[in-house]
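Colleague: One structure coming up, written as structure tokens, with questions to follow.
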Amino acid sequence: MHSQAVRSARLSGAAAAGLALGLGELAGGLISGVPSPVVAVAGRVIEGMPGAVDHFIIRLLGPNDKPALVIGIVAVTLWLGARTGSLALRYRWVPAVVFAAFAAAGIGAESREYGTDMLNVSLSLVVLTLVSVATLYGLLRIIDADADADADADAVADTSPAVKPVSAVVADATNNAGTAPQTASLRELNRRRFLTAVGGVIAIGGVAAITGRVLVGRMAVVARSVVALPRPGTPAPPVPAGAQPQIDGISPVISSNDSFYRIDTAVVVPQLDAAEWSLSIKGMVDAPQTITYDQLLNMPMIEEYVTLTCVSNDVGGDLIGNARWLGVPLRDVLAHAGVQSQATQLVGRSVDGFTVGMPTDVIHDGRVAMVAVGMNGDPLPFEHGYPARLVVAGLYGFVSATKWVTELEFTTFDAFDAFWIERGWAQKAPIKTQSRIDVPRNRASPSAGRVAIAGVAWAQTRGISKVEVQIDGGFWQEATLADAIGINTWRLWSLHWDAPAGHHDIAVRATDGHGEVQTDHVAPPSPDGATGYHTISVEVR
């Protein structure tokens, strides 16, 4: 088979697959109840990924793990499309079968997405499959015409004088004098037609994909922009003036919405319309409930500063942030459901299918636990759970912090394992006492003399009573604590050091409000949070 035809067929298959992806994104932006096929498939990949692999990817890529997954799915799809195109040169039935399989996989993946209208999903995927298959067949016809032109050109060129008498060669040259230029011209025309056609397919697919994503985002942004948050009945206490040491490089005591860390299983940030959102309360309750966004906003609100921490945070890591949250106490949201006494686990379920599971004790044990709607005075950003999420003080996010929450289910720990528990992480995960050095940075080279050592420490629900710093393995020196906002937030600290020239190692440890000193035992984040002292090295000049 001619190599040029094979290359063209591969390009055609990839272009047709790209068109299918683009049309799928456009359908998601135009048609109610139709999620993105790529996002849906990526979600199923995440669900099936082993916990160790998932954690490794989070540590390696951080918040870029989901874009990398989407790029990988698109790349694999285009590669399969290219293979389909090359096979179609011999077996014309292959594109119909492969693209139908793509559609079936998309229907299966999208059926598990929040708010899916299966009729619209099925119809849209069938239509885009037919369009993509027809497009590939059209490109293959151009390739066939080009191949015929090549065959004609080869026939004209097959006049070797080594095997023909001179008189025959002269006769062939005379008879074909006008044929060769005409054949070359036809071949050039066909190839131009092919490149124009395949370029058009690629452009249409790209424009469709971009338009679909813009439409989804624009509609959600408009809906969020008109939300007016109520005033809290119980406002957060004012931040003490001494809560923020004036030291360059130390973390701000309040993390901005833009800088707040984000780790979740959502492939693309869900952009929900609050008018269509509702929270279902089900399971081991006497009276299942459904609460709309307006009903939630009309409940008495509280406002609290709470520091959230991801269990994937390594010692000294930055997967932690402190914000002012506005929401309804969890006990008030559940007040009319009638939780049954046998229930031991409260499961939070996100719009993307992610689940957490926490002890039912958190509802009434006095800690801050809320269905939050606001963050630092604004409606929740889409990245952090709009229109509503769970905020529970003292528990790592993987067992409590459900963003885009749509369901609360009461069950038992024996009956259900949440997302990360299925992957080998701990069922119960209270946040451990930890501390971090923000300045100087590891491997920094400060000048000899007065050097500020500063950072943050946290032990949510217990507070921080002391932070100590050790230099070069010597005695522990007590640092100065900034004023505390409360026991549920991190606390900033600082120590001024007369630094001599040379290499130095600096370690930090904290003591919680109950008098328990942070452990020096080194453990990884899995299965229930990292431990050990954060230690850095500096070279004082």
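We label chains A, B, ... in the order they appear in the structure tokens, count residues from 1 in each chain, and number ligands from 1 in the order shown.
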Leaving out Ile263 in chain A and any residue of its chain fewer than 4 positions from it, which residues lie within 12 Å of it when counting only C-alpha atoms, given as a ChimeraX atom specification?
Modeller: /A:54-55,57-59,61-66,267-269,308-313,318-321,383-385,396-398,401-403
Colleague: Could you build a table of the residues in range 213-307 of chain A lying no more than 12 Å from range 407-412 of chain A, giving for each the nearest pair of atoms and their separation in Å rounded to one decimal place, using only C-alpha atoms, ordered by chain and ascending residue number, as CSV?
Modeller:
residue,atom,partner,partner_atom,distance
A:Trp277,CA,A:Glu407,CA,10.7
A:Ser278,CA,A:Glu407,CA,8.3
A:Leu279,CA,A:Glu407,CA,5.3
A:Ser280,CA,A:Glu407,CA,4.6
A:Ile281,CA,A:Leu408,CA,4.8
A:Lys282,CA,A:Glu409,CA,4.8
A:Gly283,CA,A:Phe410,CA,4.8
A:Met284,CA,A:Phe410,CA,5.0
A:Val285,CA,A:Phe410,CA,6.9
A:Asp286,CA,A:Phe410,CA,10.7
A:Ala287,CA,A:Phe410,CA,11.8
A:Pro288,CA,A:Glu409,CA,9.5
A:Gln289,CA,A:Leu408,CA,9.7
A:Thr290,CA,A:Glu407,CA,9.0
A:Ile291,CA,A:Glu407,CA,9.9
A:Thr292,CA,A:Glu407,CA,11.7
Colleague: Which residues come within 9 Å of range 354-362 of chain A, counting only C-alpha atoms, excluding same-chain residues fewer than 2 positions away, as a short mmCIF file (atom, residue, chain, number, x, y, z; two decimals) with all heavy atoms, in the first residue's frame?
Modeller:
data_model
loop_
_atom_site.label_atom_id
_atom_site.label_comp_id
_atom_site.auth_asym_id
_atom_site.auth_seq_id
_atom_site.Cartn_x
_atom_site.Cartn_y
_atom_site.Cartn_z
N GLU A 47 -11.79 7.01 38.92
CA GLU A 47 -12.47 6.07 39.81
C GLU A 47 -11.77 4.71 39.84
O GLU A 47 -11.72 4.06 40.88
CB GLU A 47 -13.92 5.89 39.37
CG GLU A 47 -14.81 7.08 39.68
CD GLU A 47 -16.24 6.85 39.24
OE1 GLU A 47 -16.54 5.72 38.77
OE2 GLU A 47 -17.05 7.77 39.33
N ASP A 264 -8.62 17.74 44.23
CA ASP A 264 -9.91 17.04 44.18
C ASP A 264 -9.89 16.07 43.01
O ASP A 264 -8.90 15.98 42.28
CB ASP A 264 -11.09 18.02 44.06
CG ASP A 264 -10.88 19.05 42.96
OD1 ASP A 264 -10.73 18.64 41.79
OD2 ASP A 264 -10.88 20.26 43.25
N THR A 265 -11.00 15.35 42.82
CA THR A 265 -11.07 14.37 41.73
C THR A 265 -11.76 14.92 40.50
O THR A 265 -11.89 14.20 39.51
CB THR A 265 -11.82 13.11 42.20
OG1 THR A 265 -13.15 13.48 42.60
CG2 THR A 265 -11.11 12.43 43.36
N ALA A 266 -12.22 16.18 40.54
CA ALA A 266 -12.93 16.74 39.39
C ALA A 266 -11.96 16.99 38.24
O ALA A 266 -10.95 17.69 38.41
CB ALA A 266 -13.62 18.04 39.78
N LEU A 330 -24.00 22.05 60.19
CA LEU A 330 -24.45 20.75 59.71
C LEU A 330 -25.61 20.21 60.54
O LEU A 330 -26.56 19.62 60.00
CB LEU A 330 -23.26 19.78 59.72
CG LEU A 330 -23.36 18.50 58.91
CD1 LEU A 330 -23.75 18.76 57.47
CD2 LEU A 330 -22.04 17.74 58.98
N ALA A 343 -26.69 4.68 62.79
CA ALA A 343 -25.80 5.27 61.79
C ALA A 343 -24.49 5.70 62.45
O ALA A 343 -24.49 6.39 63.47
CB ALA A 343 -26.47 6.46 61.13
N THR A 344 -23.37 5.27 61.87
CA THR A 344 -22.06 5.64 62.40
C THR A 344 -21.24 6.48 61.42
O THR A 344 -20.24 7.07 61.81
CB THR A 344 -21.24 4.37 62.72
OG1 THR A 344 -21.14 3.56 61.55
CG2 THR A 344 -21.91 3.58 63.84
N GLN A 345 -21.67 6.56 60.17
CA GLN A 345 -20.91 7.26 59.15
C GLN A 345 -21.81 8.20 58.36
O GLN A 345 -22.90 7.83 57.92
CB GLN A 345 -20.25 6.27 58.18
CG GLN A 345 -19.44 6.95 57.08
CD GLN A 345 -18.75 5.98 56.13
OE1 GLN A 345 -17.78 6.34 55.47
NE2 GLN A 345 -19.24 4.75 56.03
N LEU A 346 -21.33 9.43 58.17
CA LEU A 346 -21.99 10.39 57.30
C LEU A 346 -21.18 10.49 56.02
O LEU A 346 -20.01 10.88 56.05
CB LEU A 346 -22.09 11.76 57.97
CG LEU A 346 -22.60 12.91 57.10
CD1 LEU A 346 -23.98 12.60 56.54
CD2 LEU A 346 -22.61 14.22 57.87
N VAL A 347 -21.81 10.13 54.91
CA VAL A 347 -21.14 10.15 53.61
C VAL A 347 -21.54 11.41 52.86
O VAL A 347 -22.73 11.70 52.72
CB VAL A 347 -21.52 8.91 52.78
CG1 VAL A 347 -20.94 9.00 51.36
CG2 VAL A 347 -21.04 7.64 53.46
N GLY A 348 -20.56 12.17 52.41
CA GLY A 348 -20.80 13.31 51.54
C GLY A 348 -20.47 12.92 50.12
O GLY A 348 -19.41 12.35 49.84
N ARG A 349 -21.39 13.21 49.21
CA ARG A 349 -21.19 12.83 47.80
C ARG A 349 -21.17 14.08 46.94
O ARG A 349 -22.06 14.93 47.02
CB ARG A 349 -22.29 11.86 47.35
CG ARG A 349 -22.09 11.30 45.95
CD ARG A 349 -23.00 10.11 45.68
NE ARG A 349 -22.50 8.88 46.28
CZ ARG A 349 -23.00 8.32 47.37
NH1 ARG A 349 -24.04 8.86 48.00
NH2 ARG A 349 -22.49 7.19 47.86
N SER A 350 -20.14 14.18 46.10
CA SER A 350 -19.95 15.33 45.23
C SER A 350 -20.63 15.14 43.89
O SER A 350 -20.99 14.02 43.50
CB SER A 350 -18.45 15.57 45.02
OG SER A 350 -18.22 16.55 44.05
N VAL A 351 -20.77 16.24 43.16
CA VAL A 351 -21.38 16.19 41.84
C VAL A 351 -20.61 15.28 40.88
O VAL A 351 -21.19 14.70 39.96
CB VAL A 351 -21.50 17.61 41.25
CG1 VAL A 351 -20.12 18.19 40.96
CG2 VAL A 351 -22.34 17.63 39.99
N ASP A 352 -19.30 15.13 41.09
CA ASP A 352 -18.50 14.28 40.20
C ASP A 352 -18.40 12.84 40.70
O ASP A 352 -17.64 12.05 40.16
CB ASP A 352 -17.10 14.87 40.02
CG ASP A 352 -16.24 14.80 41.28
OD1 ASP A 352 -16.82 14.73 42.38
OD2 ASP A 352 -15.00 14.83 41.16
N HIS A 364 -22.38 16.73 66.35
CA HIS A 364 -22.79 17.26 67.65
C HIS A 364 -21.64 17.37 68.66
O HIS A 364 -21.90 17.65 69.83
CB HIS A 364 -23.89 16.37 68.25
CG HIS A 364 -25.12 16.28 67.40
ND1 HIS A 364 -25.96 17.34 67.20
CD2 HIS A 364 -25.65 15.24 66.69
CE1 HIS A 364 -26.96 16.98 66.41
NE2 HIS A 364 -26.79 15.71 66.09
N ASP A 365 -20.38 17.16 68.23
CA ASP A 365 -19.31 17.17 69.24
C ASP A 365 -18.74 18.57 69.50
O ASP A 365 -17.74 18.70 70.19
CB ASP A 365 -18.20 16.19 68.86
CG ASP A 365 -17.42 16.59 67.61
OD1 ASP A 365 -17.73 17.66 67.02
OD2 ASP A 365 -16.52 15.84 67.19
N GLY A 366 -19.36 19.60 68.94
CA GLY A 366 -18.94 20.96 69.23
C GLY A 366 -17.99 21.58 68.23
O GLY A 366 -17.75 22.79 68.26
N ARG A 367 -17.43 20.81 67.33
CA ARG A 367 -16.51 21.36 66.34
C ARG A 367 -17.29 22.16 65.29
O ARG A 367 -18.50 22.00 65.13
CB ARG A 367 -15.71 20.25 65.66
CG ARG A 367 -16.49 19.47 64.63
CD ARG A 367 -15.65 18.38 63.99
NE ARG A 367 -15.30 17.34 64.94
CZ ARG A 367 -14.13 16.71 64.95
NH1 ARG A 367 -13.22 17.01 64.05
NH2 ARG A 367 -13.88 15.77 65.84
N VAL A 368 -16.59 22.98 64.53
CA VAL A 368 -17.21 23.67 63.40
C VAL A 368 -17.43 22.66 62.29
O VAL A 368 -16.48 22.03 61.81
CB VAL A 368 -16.34 24.84 62.90
CG1 VAL A 368 -16.92 25.43 61.63
CG2 VAL A 368 -16.21 25.90 63.97
N ALA A 369 -18.69 22.48 61.89
CA ALA A 369 -19.04 21.59 60.78
C ALA A 369 -20.21 22.25 60.07
O ALA A 369 -21.27 22.44 60.68
CB ALA A 369 -19.41 20.20 61.28
N VAL A 392 -15.41 20.94 57.62
CA VAL A 392 -15.42 20.31 58.94
C VAL A 392 -14.03 20.50 59.55
O VAL A 392 -13.03 20.03 59.00
CB VAL A 392 -15.75 18.80 58.84
CG1 VAL A 392 -15.75 18.17 60.23
CG2 VAL A 392 -17.11 18.60 58.16
N LEU A 395 -10.58 17.55 60.49
CA LEU A 395 -10.49 16.33 59.70
C LEU A 395 -9.83 16.64 58.37
O LEU A 395 -10.13 17.67 57.75
CB LEU A 395 -11.89 15.73 59.45
CG LEU A 395 -12.68 15.26 60.66
CD1 LEU A 395 -14.03 14.69 60.21
CD2 LEU A 395 -11.90 14.22 61.46
N GLY A 397 -9.15 16.62 54.44
CA GLY A 397 -10.15 16.82 53.40
C GLY A 397 -10.70 15.54 52.80
O GLY A 397 -11.87 15.49 52.40
N PHE A 398 -9.89 14.47 52.76
CA PHE A 398 -10.35 13.26 52.07
C PHE A 398 -11.44 12.52 52.83
O PHE A 398 -12.08 11.63 52.29
CB PHE A 398 -9.16 12.33 51.79
CG PHE A 398 -8.73 11.44 52.92
CD1 PHE A 398 -9.01 10.07 52.90
CD2 PHE A 398 -8.02 11.95 53.99
CE1 PHE A 398 -8.59 9.25 53.94
CE2 PHE A 398 -7.59 11.14 55.02
CZ PHE A 398 -7.89 9.78 55.00
N VAL A 399 -11.67 12.90 54.10
CA VAL A 399 -12.77 12.30 54.85
C VAL A 399 -13.85 13.32 55.23
O VAL A 399 -14.77 12.99 55.98
CB VAL A 399 -12.27 11.58 56.13
CG1 VAL A 399 -11.39 10.41 55.78
CG2 VAL A 399 -11.56 12.56 57.07
N SER A 400 -13.74 14.54 54.72
CA SER A 400 -14.71 15.54 55.16
C SER A 400 -15.06 16.59 54.11
O SER A 400 -16.23 16.93 53.94
CB SER A 400 -14.19 16.26 56.41
OG SER A 400 -13.02 17.02 56.13
N ALA A 401 -14.08 17.12 53.40
CA ALA A 401 -14.27 18.36 52.64
C ALA A 401 -14.86 18.11 51.26
O ALA A 401 -14.17 18.22 50.24
CB ALA A 401 -12.95 19.12 52.52
N THR A 402 -16.15 17.79 51.21
CA THR A 402 -16.81 17.52 49.94
C THR A 402 -17.15 18.82 49.24
O THR A 402 -17.99 19.59 49.71
CB THR A 402 -18.11 16.73 50.14
OG1 THR A 402 -17.87 15.68 51.06
CG2 THR A 402 -18.61 16.18 48.83
N LYS A 403 -16.51 19.08 48.11
CA LYS A 403 -16.88 20.23 47.28
C LYS A 403 -18.01 19.84 46.34
O LYS A 403 -18.17 18.67 46.02
CB LYS A 403 -15.66 20.72 46.50
CG LYS A 403 -14.57 21.29 47.40
CD LYS A 403 -13.47 21.96 46.63
CE LYS A 403 -12.47 20.97 46.09
NZ LYS A 403 -11.24 21.61 45.59
N PHE A 410 -26.53 8.81 55.41
CA PHE A 410 -26.15 8.18 56.67
C PHE A 410 -26.11 6.67 56.50
O PHE A 410 -27.04 6.05 55.97
CB PHE A 410 -27.14 8.57 57.77
CG PHE A 410 -26.92 9.96 58.27
CD1 PHE A 410 -27.58 11.03 57.69
CD2 PHE A 410 -26.04 10.22 59.31
CE1 PHE A 410 -27.39 12.33 58.13
CE2 PHE A 410 -25.81 11.51 59.76
CZ PHE A 410 -26.50 12.56 59.17
N THR A 412 -23.21 3.08 57.81
CA THR A 412 -22.23 2.62 58.79
C THR A 412 -20.89 2.44 58.10
O THR A 412 -20.80 2.32 56.87
CB THR A 412 -22.64 1.28 59.41
OG1 THR A 412 -22.65 0.27 58.40
CG2 THR A 412 -24.04 1.39 60.04
N PHE A 413 -19.82 2.42 58.89
CA PHE A 413 -18.49 2.22 58.32
C PHE A 413 -18.34 0.81 57.75
O PHE A 413 -17.57 0.59 56.81
CB PHE A 413 -17.40 2.49 59.36
CG PHE A 413 -17.14 3.95 59.58
CD1 PHE A 413 -17.59 4.59 60.72
CD2 PHE A 413 -16.44 4.69 58.65
CE1 PHE A 413 -17.35 5.93 60.93
CE2 PHE A 413 -16.19 6.04 58.84
CZ PHE A 413 -16.65 6.67 59.99
N PHE A 416 -20.13 0.83 54.00
CA PHE A 416 -19.69 1.64 52.85
C PHE A 416 -18.28 2.14 53.06
O PHE A 416 -17.93 2.61 54.15
CB PHE A 416 -20.64 2.83 52.66
CG PHE A 416 -20.26 3.71 51.49
CD1 PHE A 416 -20.59 3.36 50.19
CD2 PHE A 416 -19.56 4.89 51.70
CE1 PHE A 416 -20.23 4.17 49.12
CE2 PHE A 416 -19.20 5.72 50.64
CZ PHE A 416 -19.54 5.35 49.35
N ASP A 417 -17.46 2.05 52.01
CA ASP A 417 -16.13 2.64 51.98
C ASP A 417 -16.12 3.80 50.99
O ASP A 417 -16.47 3.63 49.81
CB ASP A 417 -15.07 1.61 51.54
CG ASP A 417 -14.77 0.61 52.64
OD1 ASP A 417 -14.98 0.96 53.82
OD2 ASP A 417 -14.33 -0.51 52.32
N ALA A 418 -15.72 4.97 51.46
CA ALA A 418 -15.67 6.15 50.61
C ALA A 418 -14.51 6.03 49.61
O ALA A 418 -13.73 5.08 49.64
CB ALA A 418 -15.53 7.41 51.46
N PHE A 419 -14.40 7.03 48.73
CA PHE A 419 -13.48 6.99 47.59
C PHE A 419 -12.06 6.59 47.98
O PHE A 419 -11.50 5.64 47.44
CB PHE A 419 -13.47 8.37 46.92
CG PHE A 419 -12.61 8.46 45.69
CD1 PHE A 419 -13.13 8.17 44.44
CD2 PHE A 419 -11.27 8.83 45.77
CE1 PHE A 419 -12.33 8.25 43.30
CE2 PHE A 419 -10.47 8.91 44.65
CZ PHE A 419 -11.00 8.62 43.41
N TRP A 420 -11.45 7.31 48.94
CA TRP A 420 -10.06 7.03 49.27
C TRP A 420 -9.91 5.82 50.18
O TRP A 420 -8.84 5.21 50.21
CB TRP A 420 -9.42 8.26 49.92
CG TRP A 420 -9.07 9.31 48.91
CD1 TRP A 420 -9.68 10.51 48.72
CD2 TRP A 420 -8.03 9.23 47.93
NE1 TRP A 420 -9.10 11.17 47.67
CE2 TRP A 420 -8.07 10.42 47.17
CE3 TRP A 420 -7.07 8.27 47.61
CZ2 TRP A 420 -7.20 10.67 46.12
CZ3 TRP A 420 -6.20 8.51 46.56
CH2 TRP A 420 -6.27 9.70 45.83
N ILE A 421 -10.97 5.46 50.88
CA ILE A 421 -10.88 4.27 51.74
C ILE A 421 -10.77 3.03 50.87
O ILE A 421 -10.03 2.08 51.20
CB ILE A 421 -12.12 4.18 52.66
CG1 ILE A 421 -12.40 5.53 53.32
CG2 ILE A 421 -11.91 3.09 53.71
CD1 ILE A 421 -11.23 6.18 53.97
N GLN A 427 -9.91 5.07 57.46
CA GLN A 427 -11.31 5.45 57.58
C GLN A 427 -11.48 6.73 58.38
O GLN A 427 -12.31 7.58 58.05
CB GLN A 427 -12.12 4.33 58.25
CG GLN A 427 -12.60 3.25 57.30
CD GLN A 427 -13.58 2.32 58.00
OE1 GLN A 427 -13.58 2.18 59.22
NE2 GLN A 427 -14.42 1.67 57.21
N LYS A 428 -10.71 6.85 59.45
CA LYS A 428 -10.83 8.00 60.32
C LYS A 428 -9.48 8.72 60.35
O LYS A 428 -8.45 8.11 60.59
CB LYS A 428 -11.26 7.58 61.72
CG LYS A 428 -12.61 6.86 61.72
CD LYS A 428 -13.02 6.39 63.11
CE LYS A 428 -14.34 5.62 63.07
NZ LYS A 428 -14.75 5.13 64.39
N ALA A 429 -9.53 10.04 60.11
CA ALA A 429 -8.27 10.75 59.92
C ALA A 429 -8.32 12.15 60.53
O ALA A 429 -8.48 13.15 59.83
CB ALA A 429 -7.94 10.85 58.42
#
Colleague: Which residue gives the smallest distance to Arg213 in chain A among A:Gly317, A:Pro527, A:Pro270, A:Gly449, with only C-alpha atoms counted?
Modeller: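 Smallest separation from Arg213 in chain A among the options: A:Pro270.
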Colleague: So which residues of range 308-504 of chain A fall under alpha helix (DSSP H) by DSSP, listed as a ChimeraX atom specification?
Modeller: /A:330-333
Colleague: With N, CA, C and O atoms retained, export the selected residues as a short mmCIF file (atom, residue, chain, number, x, y, z; two decimals), in the first residue's frame.
Modeller:
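Below you can see selection.cif, which holds the result:
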data_model
loop_
_atom_site.label_atom_id
_atom_site.label_comp_id
_atom_site.auth_asym_id
_atom_site.auth_seq_id
_atom_site.Cartn_x
_atom_site.Cartn_y
_atom_site.Cartn_z
N LEU A 330 -24.00 22.05 60.19
CA LEU A 330 -24.45 20.75 59.71
C LEU A 330 -25.61 20.21 60.54
O LEU A 330 -26.56 19.62 60.00
N ARG A 331 -25.57 20.44 61.83
CA ARG A 331 -26.64 19.94 62.69
C ARG A 331 -27.99 20.58 62.32
O ARG A 331 -29.04 19.93 62.44
N ASP A 332 -27.97 21.86 61.86
CA ASP A 332 -29.21 22.52 61.47
C ASP A 332 -29.74 21.99 60.14
O ASP A 332 -30.95 21.84 59.94
N VAL A 333 -28.80 21.71 59.22
CA VAL A 333 -29.20 21.15 57.92
C VAL A 333 -29.88 19.79 58.11
O VAL A 333 -30.83 19.45 57.40
#
Colleague: From the set A:Ser465, A:Gln4, A:Ser132, A:Gln460, which residue has the shortest atom-to-atom contact distance to Ala103 in chain A, counting only C-alpha atoms?
Modeller: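 Nearest to Ala103 in chain A: A:Ser132.
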Colleague: For the atom pair CA of Thr84 in chain A and CA of Gly212 in chain A, what is the interatomic distance in Å to one decimal place?
Modeller: 25.8 Å
Colleague: May I ask for the distance between CA of Gly106 in chain A and CA of Ala275 in chain A, given in Å to one decimal place?
Modeller: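 Calculated distance between CA of Gly106 in chain A and CA of Ala275 in chain A is 27.2 Å.
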Colleague: Which residues come within 12 Å of Glu478 in chain A, counting only C-alpha atoms, excluding same-chain residues fewer than 5 positions away, as a list in words?
Modeller: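 Skipping anything fewer than 5 positions along the chain leaves Ile453, Ala454, Ser465, Lys466, Val467, Glu468, Val469, Gln470, Ile471, Trp493, Ser494, Leu495, His496, Trp497, Val508, Arg509, Ala510 and Thr511 of chain A.
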Colleague: Give me the residues near Val74 in chain A as an NGL selection string, where near means some atom within 10 Å (using only C-alpha atoms) and where sequence neighbours in that chain fewer than 5 positions away do not count.
Modeller: :A and (17-18 or 21 or 38 or 42 or 68-69 or 79-80)
